[in-house]
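Engineer: Sharing protein-v6.cif (mmCIF, N, CA and C atoms) below.
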data_input
#
loop_
_atom_site.label_atom_id
_atom_site.label_comp_id
_atom_site.auth_asym_id
_atom_site.auth_seq_id
_atom_site.Cartn_x
_atom_site.Cartn_y
_atom_site.Cartn_z
N MET A 1 0.81 -1.18 0.00
CA MET A 1 0.00 0.00 0.00
C MET A 1 0.87 1.26 0.00
N LEU A 2 1.94 1.28 0.77
CA LEU A 2 2.83 2.43 0.82
C LEU A 2 3.49 2.66 -0.53
N ARG A 3 3.80 1.59 -1.23
CA ARG A 3 4.43 1.68 -2.54
C ARG A 3 3.55 2.44 -3.52
N ARG A 4 2.28 2.37 -3.35
CA ARG A 4 1.34 3.02 -4.26
C ARG A 4 1.40 4.54 -4.17
N PHE A 5 1.69 5.10 -2.97
CA PHE A 5 1.71 6.55 -2.78
C PHE A 5 3.08 7.16 -3.04
N VAL A 6 4.11 6.36 -2.97
CA VAL A 6 5.46 6.86 -3.20
C VAL A 6 5.77 6.70 -4.68
N SER A 7 6.10 7.79 -5.31
CA SER A 7 6.36 7.76 -6.75
C SER A 7 7.82 8.03 -7.00
N TRP A 8 8.43 7.19 -7.82
CA TRP A 8 9.83 7.39 -8.19
C TRP A 8 9.95 7.22 -9.68
N ARG A 9 10.69 8.17 -10.29
CA ARG A 9 10.92 8.08 -11.73
C ARG A 9 12.41 8.15 -11.99
N ALA A 10 12.82 7.51 -12.98
CA ALA A 10 14.22 7.59 -13.41
C ALA A 10 14.45 8.96 -14.03
N PRO A 11 15.67 9.48 -13.95
CA PRO A 11 15.95 10.78 -14.58
C PRO A 11 15.63 10.76 -16.06
N GLY A 12 14.92 11.79 -16.52
CA GLY A 12 14.54 11.89 -17.93
C GLY A 12 13.26 11.16 -18.28
N ALA A 13 12.66 10.46 -17.32
CA ALA A 13 11.42 9.73 -17.60
C ALA A 13 10.26 10.71 -17.70
N ARG A 14 9.31 10.38 -18.49
CA ARG A 14 8.12 11.22 -18.68
C ARG A 14 7.16 11.04 -17.51
N PRO A 15 6.40 12.12 -17.18
CA PRO A 15 5.42 11.99 -16.10
C PRO A 15 4.34 10.98 -16.45
N GLY A 16 3.85 10.36 -15.41
CA GLY A 16 2.79 9.38 -15.60
C GLY A 16 1.45 10.05 -15.83
N PRO A 17 0.42 9.26 -16.01
CA PRO A 17 -0.91 9.82 -16.24
C PRO A 17 -1.38 10.62 -15.03
N GLY A 18 -1.90 11.82 -15.26
CA GLY A 18 -2.41 12.68 -14.20
C GLY A 18 -1.36 13.53 -13.52
N GLU A 19 -0.10 13.50 -13.94
CA GLU A 19 0.96 14.26 -13.31
C GLU A 19 1.42 15.46 -14.14
N GLU A 20 0.84 15.69 -15.30
CA GLU A 20 1.32 16.73 -16.19
C GLU A 20 1.17 18.14 -15.63
N GLY A 21 0.08 18.44 -14.98
CA GLY A 21 -0.19 19.80 -14.52
C GLY A 21 0.10 20.06 -13.06
N VAL A 22 0.79 19.15 -12.39
CA VAL A 22 1.03 19.29 -10.95
C VAL A 22 1.90 20.51 -10.66
N ALA A 23 2.95 20.72 -11.42
CA ALA A 23 3.84 21.86 -11.18
C ALA A 23 3.10 23.18 -11.42
N ALA A 24 2.28 23.23 -12.46
CA ALA A 24 1.51 24.45 -12.73
C ALA A 24 0.50 24.72 -11.62
N LEU A 25 -0.10 23.68 -11.11
CA LEU A 25 -1.07 23.84 -10.02
C LEU A 25 -0.37 24.30 -8.74
N GLU A 26 0.77 23.73 -8.43
CA GLU A 26 1.51 24.16 -7.25
C GLU A 26 1.95 25.61 -7.38
N PHE A 27 2.40 26.00 -8.56
CA PHE A 27 2.79 27.39 -8.79
C PHE A 27 1.60 28.33 -8.62
N ALA A 28 0.44 27.94 -9.13
CA ALA A 28 -0.75 28.78 -9.02
C ALA A 28 -1.19 28.96 -7.57
N ILE A 29 -0.90 27.99 -6.73
CA ILE A 29 -1.27 28.11 -5.32
C ILE A 29 -0.24 28.92 -4.54
N VAL A 30 1.04 28.71 -4.80
CA VAL A 30 2.10 29.31 -4.01
C VAL A 30 2.47 30.71 -4.49
N ALA A 31 2.42 31.00 -5.78
CA ALA A 31 2.89 32.28 -6.32
C ALA A 31 2.17 33.50 -5.73
N PRO A 32 0.84 33.52 -5.62
CA PRO A 32 0.20 34.72 -5.03
C PRO A 32 0.63 34.98 -3.59
N LEU A 33 0.79 33.93 -2.82
CA LEU A 33 1.23 34.12 -1.43
C LEU A 33 2.67 34.64 -1.38
N PHE A 34 3.52 34.09 -2.23
CA PHE A 34 4.91 34.54 -2.28
C PHE A 34 5.00 35.99 -2.73
N LEU A 35 4.26 36.36 -3.77
CA LEU A 35 4.30 37.74 -4.27
C LEU A 35 3.73 38.72 -3.24
N ALA A 36 2.67 38.33 -2.54
CA ALA A 36 2.13 39.19 -1.49
C ALA A 36 3.15 39.40 -0.37
N LEU A 37 3.88 38.37 -0.03
CA LEU A 37 4.91 38.48 0.99
C LEU A 37 6.04 39.40 0.53
N VAL A 38 6.49 39.25 -0.70
CA VAL A 38 7.57 40.09 -1.23
C VAL A 38 7.14 41.55 -1.31
N PHE A 39 5.94 41.81 -1.85
CA PHE A 39 5.46 43.19 -1.94
C PHE A 39 5.23 43.79 -0.55
N GLY A 40 4.77 42.98 0.40
CA GLY A 40 4.60 43.46 1.76
C GLY A 40 5.92 43.89 2.38
N ILE A 41 6.96 43.11 2.15
CA ILE A 41 8.28 43.46 2.67
C ILE A 41 8.76 44.76 2.05
N ILE A 42 8.56 44.92 0.75
CA ILE A 42 9.00 46.14 0.07
C ILE A 42 8.22 47.36 0.56
N VAL A 43 6.90 47.26 0.60
CA VAL A 43 6.06 48.39 1.00
C VAL A 43 6.33 48.80 2.44
N TYR A 44 6.36 47.83 3.36
CA TYR A 44 6.62 48.18 4.75
C TYR A 44 8.06 48.65 4.96
N GLY A 45 8.99 48.15 4.17
CA GLY A 45 10.36 48.66 4.24
C GLY A 45 10.43 50.12 3.88
N ILE A 46 9.73 50.51 2.81
CA ILE A 46 9.69 51.91 2.40
C ILE A 46 8.98 52.75 3.47
N TYR A 47 7.85 52.25 3.97
CA TYR A 47 7.09 52.99 4.97
C TYR A 47 7.93 53.25 6.22
N PHE A 48 8.58 52.21 6.76
CA PHE A 48 9.35 52.38 7.99
C PHE A 48 10.61 53.22 7.76
N THR A 49 11.18 53.15 6.56
CA THR A 49 12.31 54.02 6.25
C THR A 49 11.90 55.48 6.31
N ILE A 50 10.75 55.80 5.73
CA ILE A 50 10.26 57.18 5.74
C ILE A 50 9.87 57.60 7.16
N TRP A 51 9.24 56.72 7.90
CA TRP A 51 8.84 57.03 9.27
C TRP A 51 10.07 57.34 10.13
N ILE A 52 11.11 56.53 10.01
CA ILE A 52 12.34 56.77 10.78
C ILE A 52 13.01 58.07 10.33
N ALA A 53 13.01 58.33 9.02
CA ALA A 53 13.63 59.56 8.51
C ALA A 53 12.88 60.79 9.00
N VAL A 54 11.56 60.74 9.03
CA VAL A 54 10.77 61.88 9.52
C VAL A 54 11.06 62.11 11.00
N THR A 55 11.14 61.06 11.77
CA THR A 55 11.46 61.19 13.20
C THR A 55 12.85 61.78 13.40
N GLU A 56 13.80 61.30 12.61
CA GLU A 56 15.17 61.80 12.72
C GLU A 56 15.26 63.26 12.26
N ALA A 57 14.52 63.62 11.22
CA ALA A 57 14.53 65.02 10.76
C ALA A 57 13.99 65.96 11.83
N ALA A 58 12.90 65.55 12.49
CA ALA A 58 12.35 66.38 13.57
C ALA A 58 13.34 66.49 14.72
N SER A 59 14.01 65.40 15.05
CA SER A 59 15.00 65.43 16.13
C SER A 59 16.18 66.34 15.79
N GLU A 60 16.68 66.23 14.58
CA GLU A 60 17.80 67.07 14.16
C GLU A 60 17.41 68.54 14.11
N GLY A 61 16.20 68.83 13.64
CA GLY A 61 15.72 70.21 13.61
C GLY A 61 15.60 70.79 15.00
N ALA A 62 15.06 69.99 15.93
CA ALA A 62 14.93 70.46 17.32
C ALA A 62 16.30 70.65 17.95
N ARG A 63 17.22 69.74 17.67
CA ARG A 63 18.57 69.86 18.23
C ARG A 63 19.26 71.12 17.71
N ALA A 64 19.07 71.42 16.43
CA ALA A 64 19.69 72.62 15.85
C ALA A 64 19.07 73.89 16.40
N SER A 65 17.80 73.84 16.75
CA SER A 65 17.12 75.05 17.24
C SER A 65 17.62 75.51 18.59
N VAL A 66 18.26 74.66 19.33
CA VAL A 66 18.74 75.01 20.68
C VAL A 66 19.77 76.13 20.60
N ALA A 67 20.50 76.23 19.50
CA ALA A 67 21.56 77.24 19.36
C ALA A 67 21.01 78.64 19.13
N GLY A 68 19.73 78.76 18.81
CA GLY A 68 19.15 80.08 18.53
C GLY A 68 18.98 80.94 19.77
N LEU A 69 19.11 82.25 19.60
CA LEU A 69 18.97 83.18 20.71
C LEU A 69 17.54 83.67 20.91
N ASP A 70 16.78 83.72 19.81
CA ASP A 70 15.38 84.12 19.92
C ASP A 70 14.54 83.17 19.06
N THR A 71 13.21 83.35 19.10
CA THR A 71 12.32 82.44 18.41
C THR A 71 12.54 82.44 16.90
N ALA A 72 12.73 83.62 16.30
CA ALA A 72 12.93 83.69 14.85
C ALA A 72 14.20 82.93 14.43
N GLU A 73 15.25 83.06 15.22
CA GLU A 73 16.48 82.35 14.88
C GLU A 73 16.32 80.85 15.08
N ARG A 74 15.59 80.46 16.10
CA ARG A 74 15.34 79.03 16.33
C ARG A 74 14.53 78.43 15.18
N VAL A 75 13.51 79.14 14.73
CA VAL A 75 12.72 78.67 13.59
C VAL A 75 13.59 78.52 12.35
N SER A 76 14.44 79.51 12.11
CA SER A 76 15.33 79.48 10.95
C SER A 76 16.30 78.31 11.02
N LEU A 77 16.92 78.10 12.17
CA LEU A 77 17.88 77.00 12.33
C LEU A 77 17.20 75.64 12.19
N ALA A 78 16.04 75.48 12.80
CA ALA A 78 15.33 74.20 12.73
C ALA A 78 14.89 73.89 11.31
N THR A 79 14.33 74.87 10.63
CA THR A 79 13.86 74.66 9.26
C THR A 79 15.03 74.34 8.33
N ALA A 80 16.14 75.04 8.49
CA ALA A 80 17.32 74.78 7.65
C ALA A 80 17.86 73.37 7.88
N GLU A 81 17.88 72.92 9.11
CA GLU A 81 18.40 71.58 9.41
C GLU A 81 17.49 70.50 8.85
N VAL A 82 16.17 70.67 8.97
CA VAL A 82 15.24 69.70 8.40
C VAL A 82 15.38 69.67 6.88
N THR A 83 15.53 70.84 6.26
CA THR A 83 15.73 70.91 4.81
C THR A 83 17.01 70.17 4.41
N ASN A 84 18.10 70.40 5.12
CA ASN A 84 19.35 69.70 4.84
C ASN A 84 19.20 68.19 5.00
N PHE A 85 18.46 67.78 6.01
CA PHE A 85 18.26 66.36 6.26
C PHE A 85 17.49 65.72 5.11
N PHE A 86 16.42 66.37 4.66
CA PHE A 86 15.64 65.83 3.55
C PHE A 86 16.45 65.80 2.26
N ASN A 87 17.28 66.82 2.04
CA ASN A 87 18.12 66.82 0.84
C ASN A 87 19.15 65.69 0.87
N ALA A 88 19.60 65.32 2.06
CA ALA A 88 20.57 64.23 2.18
C ALA A 88 19.96 62.88 1.83
N TYR A 89 18.66 62.74 1.98
CA TYR A 89 17.99 61.49 1.64
C TYR A 89 17.75 61.36 0.13
N GLY A 90 18.05 62.38 -0.62
CA GLY A 90 17.99 62.32 -2.08
C GLY A 90 16.63 61.95 -2.63
N PRO A 91 16.58 60.96 -3.52
CA PRO A 91 15.32 60.65 -4.19
C PRO A 91 14.29 59.95 -3.30
N MET A 92 14.71 59.46 -2.15
CA MET A 92 13.76 58.75 -1.27
C MET A 92 12.74 59.71 -0.67
N LEU A 93 13.19 60.88 -0.25
CA LEU A 93 12.31 61.87 0.37
C LEU A 93 12.37 63.17 -0.40
N SER A 94 11.25 63.83 -0.46
CA SER A 94 11.18 65.13 -1.12
C SER A 94 10.60 66.14 -0.14
N LEU A 95 11.25 67.27 -0.02
CA LEU A 95 10.79 68.30 0.91
C LEU A 95 9.44 68.87 0.48
N SER A 96 9.12 68.75 -0.81
CA SER A 96 7.83 69.27 -1.28
C SER A 96 6.64 68.48 -0.72
N HIS A 97 6.86 67.26 -0.23
CA HIS A 97 5.79 66.46 0.35
C HIS A 97 5.78 66.51 1.88
N ALA A 98 6.66 67.34 2.44
CA ALA A 98 6.77 67.45 3.89
C ALA A 98 6.23 68.78 4.38
N THR A 99 5.72 68.75 5.59
CA THR A 99 5.29 69.97 6.26
C THR A 99 6.12 70.10 7.53
N VAL A 100 6.80 71.23 7.66
CA VAL A 100 7.66 71.47 8.81
C VAL A 100 7.07 72.63 9.60
N VAL A 101 6.81 72.40 10.87
CA VAL A 101 6.31 73.44 11.77
C VAL A 101 7.31 73.57 12.91
N ALA A 102 7.92 74.74 13.01
CA ALA A 102 8.87 75.02 14.09
C ALA A 102 8.35 76.26 14.80
N GLU A 103 8.06 76.11 16.09
CA GLU A 103 7.47 77.23 16.82
C GLU A 103 7.71 77.10 18.32
N GLN A 104 7.54 78.23 18.97
CA GLN A 104 7.57 78.25 20.44
C GLN A 104 6.33 77.51 20.91
N VAL A 105 6.48 76.69 21.93
CA VAL A 105 5.33 75.96 22.45
C VAL A 105 4.36 76.97 23.08
N PRO A 106 3.09 76.99 22.62
CA PRO A 106 2.14 77.95 23.19
C PRO A 106 1.95 77.72 24.69
N GLY A 107 2.06 78.77 25.44
CA GLY A 107 1.87 78.70 26.89
C GLY A 107 3.10 78.27 27.66
N ASN A 108 4.20 78.00 26.96
CA ASN A 108 5.42 77.58 27.64
C ASN A 108 6.60 78.28 26.97
N ALA A 109 7.05 79.37 27.55
CA ALA A 109 8.12 80.16 26.95
C ALA A 109 9.46 79.45 26.99
N GLY A 110 9.58 78.38 27.77
CA GLY A 110 10.86 77.67 27.89
C GLY A 110 11.00 76.47 26.98
N ALA A 111 10.04 76.27 26.07
CA ALA A 111 10.10 75.08 25.21
C ALA A 111 9.89 75.47 23.75
N PHE A 112 10.54 74.70 22.86
CA PHE A 112 10.43 74.92 21.42
C PHE A 112 10.08 73.59 20.76
N GLU A 113 9.17 73.66 19.78
CA GLU A 113 8.63 72.44 19.17
C GLU A 113 8.94 72.40 17.68
N VAL A 114 9.35 71.23 17.20
CA VAL A 114 9.55 71.00 15.77
C VAL A 114 8.70 69.78 15.39
N ALA A 115 7.79 69.98 14.45
CA ALA A 115 6.92 68.90 13.98
C ALA A 115 7.12 68.73 12.48
N VAL A 116 7.32 67.49 12.05
CA VAL A 116 7.51 67.17 10.64
C VAL A 116 6.45 66.15 10.25
N THR A 117 5.71 66.44 9.19
CA THR A 117 4.70 65.53 8.66
C THR A 117 5.03 65.26 7.20
N TYR A 118 4.95 63.99 6.78
CA TYR A 118 5.26 63.62 5.41
C TYR A 118 4.04 62.97 4.77
N ASN A 119 3.71 63.39 3.55
CA ASN A 119 2.57 62.86 2.83
C ASN A 119 3.04 61.73 1.92
N LEU A 120 2.58 60.51 2.18
CA LEU A 120 3.00 59.34 1.42
C LEU A 120 2.24 59.13 0.12
N SER A 121 1.25 59.95 -0.17
CA SER A 121 0.45 59.73 -1.37
C SER A 121 1.27 59.83 -2.65
N SER A 122 2.39 60.54 -2.62
CA SER A 122 3.22 60.69 -3.81
C SER A 122 3.92 59.38 -4.19
N LEU A 123 4.06 58.45 -3.25
CA LEU A 123 4.76 57.19 -3.53
C LEU A 123 3.86 56.14 -4.14
N GLY A 124 2.55 56.34 -4.09
CA GLY A 124 1.63 55.36 -4.66
C GLY A 124 1.42 54.15 -3.78
N LEU A 125 1.75 54.23 -2.51
CA LEU A 125 1.54 53.09 -1.62
C LEU A 125 0.06 52.87 -1.35
N GLY A 126 -0.76 53.87 -1.57
CA GLY A 126 -2.19 53.75 -1.35
C GLY A 126 -2.86 52.78 -2.31
N THR A 127 -2.25 52.54 -3.47
CA THR A 127 -2.83 51.59 -4.43
C THR A 127 -2.81 50.17 -3.91
N LEU A 128 -1.92 49.87 -3.00
CA LEU A 128 -1.85 48.54 -2.41
C LEU A 128 -2.58 48.47 -1.08
N ALA A 129 -3.29 49.52 -0.70
CA ALA A 129 -3.93 49.59 0.61
C ALA A 129 -4.96 48.49 0.82
N GLY A 130 -5.59 48.03 -0.26
CA GLY A 130 -6.56 46.95 -0.11
C GLY A 130 -5.90 45.64 0.31
N LEU A 131 -4.69 45.43 -0.15
CA LEU A 131 -3.97 44.21 0.18
C LEU A 131 -3.09 44.35 1.41
N LEU A 132 -2.43 45.50 1.52
CA LEU A 132 -1.49 45.74 2.60
C LEU A 132 -1.85 47.04 3.32
N PRO A 133 -2.50 46.95 4.46
CA PRO A 133 -2.89 48.19 5.14
C PRO A 133 -1.69 48.94 5.70
N ILE A 134 -1.60 50.21 5.37
CA ILE A 134 -0.54 51.08 5.87
C ILE A 134 -1.06 51.74 7.15
N PRO A 135 -0.25 51.81 8.21
CA PRO A 135 -0.75 52.40 9.46
C PRO A 135 -1.30 53.82 9.30
N THR A 136 -0.59 54.70 8.59
CA THR A 136 -1.09 56.05 8.36
C THR A 136 -0.47 56.57 7.07
N ALA A 137 -1.21 57.41 6.37
CA ALA A 137 -0.71 57.97 5.11
C ALA A 137 0.16 59.19 5.34
N THR A 138 0.17 59.70 6.57
CA THR A 138 0.98 60.88 6.88
C THR A 138 1.73 60.66 8.19
N PRO A 139 2.89 60.00 8.15
CA PRO A 139 3.65 59.86 9.38
C PRO A 139 4.10 61.22 9.91
N THR A 140 3.96 61.42 11.21
CA THR A 140 4.27 62.69 11.84
C THR A 140 5.18 62.45 13.05
N ALA A 141 6.14 63.33 13.20
CA ALA A 141 7.01 63.29 14.40
C ALA A 141 7.08 64.67 15.00
N THR A 142 6.96 64.75 16.30
CA THR A 142 7.02 66.02 17.02
C THR A 142 8.06 65.89 18.13
N VAL A 143 8.98 66.86 18.18
CA VAL A 143 10.02 66.87 19.20
C VAL A 143 9.99 68.22 19.90
N ILE A 144 9.99 68.21 21.23
CA ILE A 144 9.99 69.43 22.02
C ILE A 144 11.30 69.49 22.80
N VAL A 145 11.99 70.62 22.69
CA VAL A 145 13.24 70.81 23.42
C VAL A 145 13.14 72.06 24.28
N SER A 146 13.99 72.11 25.26
CA SER A 146 14.05 73.28 26.13
C SER A 146 14.85 74.37 25.45
N ASN A 147 14.48 75.62 25.70
CA ASN A 147 15.22 76.75 25.12
C ASN A 147 16.59 76.93 25.77
N GLY A 148 16.81 76.29 26.83
CA GLY A 148 18.14 76.31 27.44
C GLY A 148 18.25 77.19 28.67
N GLY A 149 17.67 78.30 28.75
CA GLY A 149 17.95 79.19 29.85
C GLY A 149 16.89 79.32 30.83
#
What would you get if you wrote out this structure as structure tokens?

Structural biologist:
Amino acid sequence: MLRRFVSWRAPGARPGPGEEGVAALEFAIVAPLFLALVFGIIVYGIYFTIWIAVTEAASEGARASVAGLDTAERVSLATAEVTNFFNAYGPMLSLSHATVVAEQVPGNAGAFEVAVTYNLSSLGLGTLAGLLPIPTATPTATVIVSNGG
């Protein structure tokens, strides 16, 4: 009975009856799952790269703002640093899709806030949203630092 289920062919032998389409059937079952896994890795890799870059840009902008003597200088330093950071990322990130807000924290004269928001709609990741849900289409990072004195 075991011999009936175990199939062995000599090298170069032709498939037996009913075995012609087995490879095509296996490919049809496995290929969509494999492709979904590969595209998921690519899409989430891009998403997390941008999310980390936005967080790092906000941190660098806030860190640069500490050197300013007044609010206008802090805004200028923070915005320039975020711009430099986005330019360093080259084709991956574009400053035209980012919103940078650098301001004194309302009601707290001793704190300065840098917020960076990036719009992912330019990358076309939304077209895969039915298959691969993206956590948010606009990753945002906000960093608050002390004015120092």

Engineer: Using only N, CA and C atoms for the distances, tell me which of A:Glu20, A:Ile29, A:Tyr47, A:Leu37 is nearest to Ile134 of chain A.

Structural biologist: A:Tyr47

Engineer: What does the structure give for the distance between atom CA of Pro139 of chain A and atom N of Asn119 of chain A, in Å to one decimal?

Structural biologist: 6.8 Å

Engineer: Could you state which residues are captured by the PyMOL selection byres ((chain A and resi 140-142) around 7) in this file, as JSON, numbers by chain?

Structural biologist: {"A": [51, 54, 55, 58, 59, 113, 114, 115, 116, 117, 118, 138, 139, 143, 144]}

Engineer: Excluding Ala57 of chain A and residues on its chain fewer than 6 positions from it, collect all residues at most 9 Å away from it, counting only C-alpha atoms, and give them as a list of chain:residue names.

Structural biologist: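 Within the cut-off, the hits are A:Glu81, A:Val82, A:Thr83, A:Asn84, A:Phe85, A:Phe86, A:Val116, A:Ala141.
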
Engineer: Please report the interatomic distance between atom CA of Phe112 of chain A and atom CA of Glu56 of chain A in Å with one decimal.

Structural biologist: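 Value for the atom CA of Phe112 of chain A-atom CA of Glu56 of chain A distance: 16.4 Å.
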
Engineer: When you count only C-alpha atoms, which of these residues is closest to Glu103 of chain A: A:Val30, A:Ala62, A:Ile41, A:Leu123?

Structural biologist: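 Smallest separation from Glu103 of chain A among the options: A:Ala62.
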
Engineer: Could you check how far atom C of Gly61 of chain A sits from atom C of Ala78 of chain A, in Å to one decimal?

Structural biologist: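 According to the coordinates, atom C of Gly61 of chain A and atom C of Ala78 of chain A are separated by 4.9 Å.
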
Engineer: Taking the file as shown, find all residues satisfying the PyMOL selection byres (((chain A and resi 104 and name CA) around 9) and name CA) and write them as a list of chain:residue names.

Structural biologist: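 Checking the PyMOL selection byres (((chain A and resi 104 and name CA) around 9) and name CA) against this file, the residues are A:Thr71, A:Arg74, A:Val75, A:Ala102, A:Glu103, A:Val105, A:Pro106, A:Gly107, A:Asn108, A:Ala109, A:Gly110, A:Ala111, A:Phe112, A:Glu113, A:Val114.
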
Engineer: Running DSSP on the backbone, which parts of chain A land in strand (DSSP E), as a PyMOL selection string?

Structural biologist: chain A and resi 98-104+111-118+140-146

Engineer: Report as a PyMOL selection string: the residues of chain A with a DSSP assignment of helix (DSSP H, G or I), based on the backbone of this structure.

Structural biologist: chain A and resi 2-5+22-65+71-88+90-92+95-97+120-123+125-128
